[in-house]
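Down below is the structure, laid out as structure tokens.
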Amino acid sequence: MGSDGVAVVVTGVLFAAVKTTETGAEAASHAWTFLAGPSRVLADPTDLLALPAIALAWWVRAHSLRRPPAARWRFAVTMPLAVLAVTATSAAPPTPYVGSVTVDDQDRIAVHTWPHTVWTSEDGGRTWSESTADKERKGQTAQCVPKQATRCYRVTEDRKGVEQSDDGGSTWRPSWRLSSDDIERLSRRYDDPSGFPTTLAVQARPGGHIVVVAGGPDSVVIRDVSGTWRRVSLPEEAPEVPLRGELVWAWALAACALFGFMGAGLRRYGRTYLGIAAVTCAGFAAALTPWFDYASMPANQEVSMLMGTGGLLAAVLGAPVCLGLAVAGRPRKVPVLTGVLGAPLVYAAVSLPFRAWADGSLASYQIAVALAVLLTAAVLVAGALLVRRDARAEEQRSSAGL
């Protein structure tokens, strides 16, 4: 079996693993998320009906090798169909949405989520059980502690926090509030971030009382008897925070690192190469921006389409020219290897801090920016030192007549 056959078999096996096992689907989801932002691949055995498309691609490839001139049209037509077939998709299940929080007839905390799911807790929000309900119960925006009318809580007017009163509602002071980073995550995660705190419920517990607030579309915020607030996701797997603009920078800087390090090692055509490479990288960023970050698109859709099309054209035309100049320019090995290895490191240096911020590991977006800048600078400086060292070694060899 030749390399074509091996590629077909490996593709078929991996596709089958992704579509028939949860482990395979989860691995594919992480891979696509790393490359292009939050993605979800679903295990769906019915998608195996697309497997014959791989065999079709193999057949077209074999015939194109035997009769290249006459078979090119078959390759051009069937290859896109095969690609579309093996990337078959299914509609994702609806995302649960926290609607209201109440105390039910059995004195349990009940969180009503869409569509018609109720999460109940009998131990003050430490554990939850899932059930179904015919309709959602309407919650309250303010409530006092049972048998303690002087302590009350209410959702703030801007629906971004909770206030408490110790004198029966005469005066109020802040008790909990969404941070600016929490608001940013919610705004990115949902097209309509109207699920900021809406309703709350207060329940008396041994040693004090608890407050449960509908703290966002996918979570509740709980104040325990000690007065500490914590966030709980319902369900446990909330949608990931999209990082569209950040990934644009990651891809663009990775491309610049690749082209820049390779260009620094050219023995000929260096200036011409670097000029075309700069245009290619700028075009690459312009092409990605409308795709990844819709918020950054100009109000005039025609302008945004022109920007994306022009950038894509510059990238598509510039990349092969850069490759040709790189080959013709007799590049040194070390700069080429530095570019090939440095590009994915730059992508990781830019994207990983923002992914940590998106999942809550980093509380501040500013910290993520600082880490991304420092890590990217470290990769670029290390690469520049390697290229400079190689250039000096080249000069010494030339001076010595080697």
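Numbering starts fresh at 1 for the residues of each chain in the structure tokens, the chains themselves are lettered A, B, ... in the order given, and ligands are numbered from 1 as they appear.
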
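With only C-alpha atoms taken into account, the protein and nucleic acid residues at most 9 Å from Val369 in chain A (excluding it and anything under 6 positions from it in its own chain) are Val350, Pro353 and Phe354 of chain A.
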
Would you export the selected residues with N, CA and C atoms as a compact mmCIF listing (two decimals), in the first residue's frame, please?
```txt
# COMPACT_ATOMS: atom_id res chain seq x y z
N VAL A 350 0.77 33.50 22.23
CA VAL A 350 -0.30 34.50 22.17
C VAL A 350 -1.62 33.92 22.65
N PRO A 353 -2.42 32.31 27.03
CA PRO A 353 -2.86 33.17 28.14
C PRO A 353 -4.32 33.59 28.02
N PHE A 354 -4.78 33.86 26.78
CA PHE A 354 -6.17 34.25 26.61
C PHE A 354 -7.12 33.07 26.83
```

- Message: as a list of chain:residue names, please: the residues near Ser219 in chain A (cut-off 6 Å, only C-alpha atoms, same-chain neighbours under 6 positions excluded).
- Response: A:Val232, A:Ser233, A:Leu234

- Message: Under the rule that only C-alpha atoms are counted, which of A:Asp224, A:Glu157, A:Asp166, A:Asp181 is the nearest residue to Gly125 in chain A?
- Response: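 Among the listed residues, A:Asp224 lies closest to Gly125 in chain A.
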
- Would you mind listing what lies within 12 Å of Ala368 in chain A as number ranges by chain, with only C-alpha atoms counted and same-chain residues fewer than 2 positions away left out? A: 181, 246, 349-366, 370-376

- Between CA of Gly270 in chain A and CA of Ser399 in chain A - distance in Å to one decimal: 20.6 Å

- Task: Write out as a list in words which residues come within 6 Å of Gln164 in chain A when counting only C-alpha atoms, dropping same-chain ones fewer than 5 positions away.
- Result: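 In the requested form, the answer reads Cys152, Tyr153, Trp172, Arg173 and Ser175 of chain A.
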
- Task: Would you mind telling me which residue in A:Val279, A:Leu317, A:Ala257, A:Ala264 lies nearest to Val379 in chain A when using only C-alpha atoms?
- Result: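 The shortest atom-to-atom distance to Val379 in chain A comes from A:Ala257.
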
- Counting only C-alpha atoms, closest pick from A:Thr120, A:Pro217, A:Pro344, A:Gly169 relative to Arg189 in chain A is A:Pro217

- Task: Find the spatial neighbours of range 205-212 of chain A, counting only C-alpha atoms, within a cut-off of 12 Å - ignore same-chain residues fewer than 3 positions away - and output them as number ranges by chain.
- Result: A: 100-103, 107-111, 120-126, 139-148, 151-155, 162-164, 175-176, 197-202, 215-216, 219-232

Mind writing the picked residues with C-alpha atoms as a CSV table (one decimal), in the first residue's frame?
```csv
chain,number,residue,atom,x,y,z
A,100,SER,CA,-35.1,32.0,37.6
A,101,VAL,CA,-34.3,30.8,41.2
A,102,THR,CA,-37.0,30.0,43.7
A,103,VAL,CA,-37.6,28.1,46.9
A,107,ASP,CA,-38.1,24.2,50.9
A,108,ARG,CA,-35.5,23.2,48.3
A,109,ILE,CA,-33.5,25.7,46.3
A,110,ALA,CA,-34.8,25.3,42.7
A,111,VAL,CA,-33.0,26.7,39.6
A,120,THR,CA,-32.7,21.4,42.9
A,121,SER,CA,-30.5,21.4,46.0
A,122,GLU,CA,-31.4,20.3,49.6
A,123,ASP,CA,-28.0,21.0,51.1
A,124,GLY,CA,-27.6,24.7,50.5
A,125,GLY,CA,-26.2,24.5,47.0
A,126,ARG,CA,-23.4,22.0,47.6
A,139,GLY,CA,-38.7,34.3,40.6
A,140,GLN,CA,-38.3,37.4,42.8
A,141,THR,CA,-35.8,40.2,42.5
A,142,ALA,CA,-35.8,41.0,46.2
A,143,GLN,CA,-36.4,38.9,49.3
A,144,CYS,CA,-35.7,39.0,53.0
A,145,VAL,CA,-34.4,36.2,55.2
A,146,PRO,CA,-37.2,34.1,56.6
A,147,LYS,CA,-38.0,35.0,60.2
A,148,GLN,CA,-35.4,37.8,60.0
A,151,ARG,CA,-31.8,41.3,56.5
A,152,CYS,CA,-32.9,41.6,52.9
A,153,TYR,CA,-31.3,41.2,49.5
A,154,ARG,CA,-32.1,42.6,46.0
A,155,VAL,CA,-30.8,42.5,42.5
A,162,VAL,CA,-26.7,42.1,44.6
A,163,GLU,CA,-27.3,44.6,47.4
A,164,GLN,CA,-28.1,43.8,51.0
A,175,SER,CA,-23.0,42.5,48.7
A,176,TRP,CA,-21.8,40.9,45.5
A,197,PRO,CA,-28.5,38.6,37.6
A,198,THR,CA,-32.3,38.6,37.3
A,199,THR,CA,-33.8,36.7,40.3
A,200,LEU,CA,-32.7,35.5,43.7
A,201,ALA,CA,-33.9,33.3,46.5
A,202,VAL,CA,-33.1,33.4,50.2
A,215,GLY,CA,-25.9,35.0,38.1
A,216,GLY,CA,-25.8,34.5,34.3
A,219,SER,CA,-24.7,29.7,36.2
A,220,VAL,CA,-25.9,30.7,39.7
A,221,VAL,CA,-24.0,32.6,42.4
A,222,ILE,CA,-24.4,31.3,45.9
A,223,ARG,CA,-23.7,33.1,49.2
A,224,ASP,CA,-23.1,30.5,51.9
A,225,VAL,CA,-23.8,30.8,55.6
A,226,SER,CA,-20.3,32.3,56.2
A,227,GLY,CA,-21.0,35.2,53.7
A,228,THR,CA,-18.7,33.9,50.9
A,229,TRP,CA,-20.0,34.2,47.3
A,230,ARG,CA,-19.1,31.5,44.7
A,231,ARG,CA,-20.2,30.8,41.2
A,232,VAL,CA,-21.7,27.4,40.2
```

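Among the candidates A:Ile367, A:Val98, A:Val213, A:Ala204, the one nearest to Arg159 in chain A when counting only C-alpha atoms is A:Val213.
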
Applying 8 Å and only C-alpha atoms, which residues near Leu253 in chain A remain after dropping the ones on its own chain fewer than 2 positions away? List them as a PDB file with C-alpha atoms, in the first residue's frame.
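Produced file out-v3.pdb, reproduced below:
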```pdb
ATOM      1  CA  TRP A 249      -3.301  38.128  16.394  1.00  0.00           C
ATOM      2  CA  ALA A 250      -2.025  34.629  17.167  1.00  0.00           C
ATOM      3  CA  TRP A 251      -2.252  33.479  13.542  1.00  0.00           C
ATOM      4  CA  ALA A 255       2.852  33.893  10.088  1.00  0.00           C
ATOM      5  CA  CYS A 256       5.086  36.931  10.577  1.00  0.00           C
ATOM      6  CA  ALA A 257       7.503  34.862  12.677  1.00  0.00           C
ATOM      7  CA  ALA A 343       5.724  29.941  14.356  1.00  0.00           C
ATOM      8  CA  VAL A 346       4.422  32.191  18.821  1.00  0.00           C
ATOM      9  CA  TYR A 347       0.849  31.022  18.229  1.00  0.00           C
TER      10      TYR A 347
END
```

- Message: One decimal, in Å: what's the spacing between CA of Leu258 in chain A and CA of Ile276 in chain A?
- Response: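 These atoms are spaced 13.3 Å apart.
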
- Message: I'd like to know which residues of range 173-347 of chain A are strand (DSSP E or B) (by DSSP, run on the backbone); could you write them as a PyMOL selection string?
- Response: chain A and resi 173-177+200-205+208-216+219-223+229-233
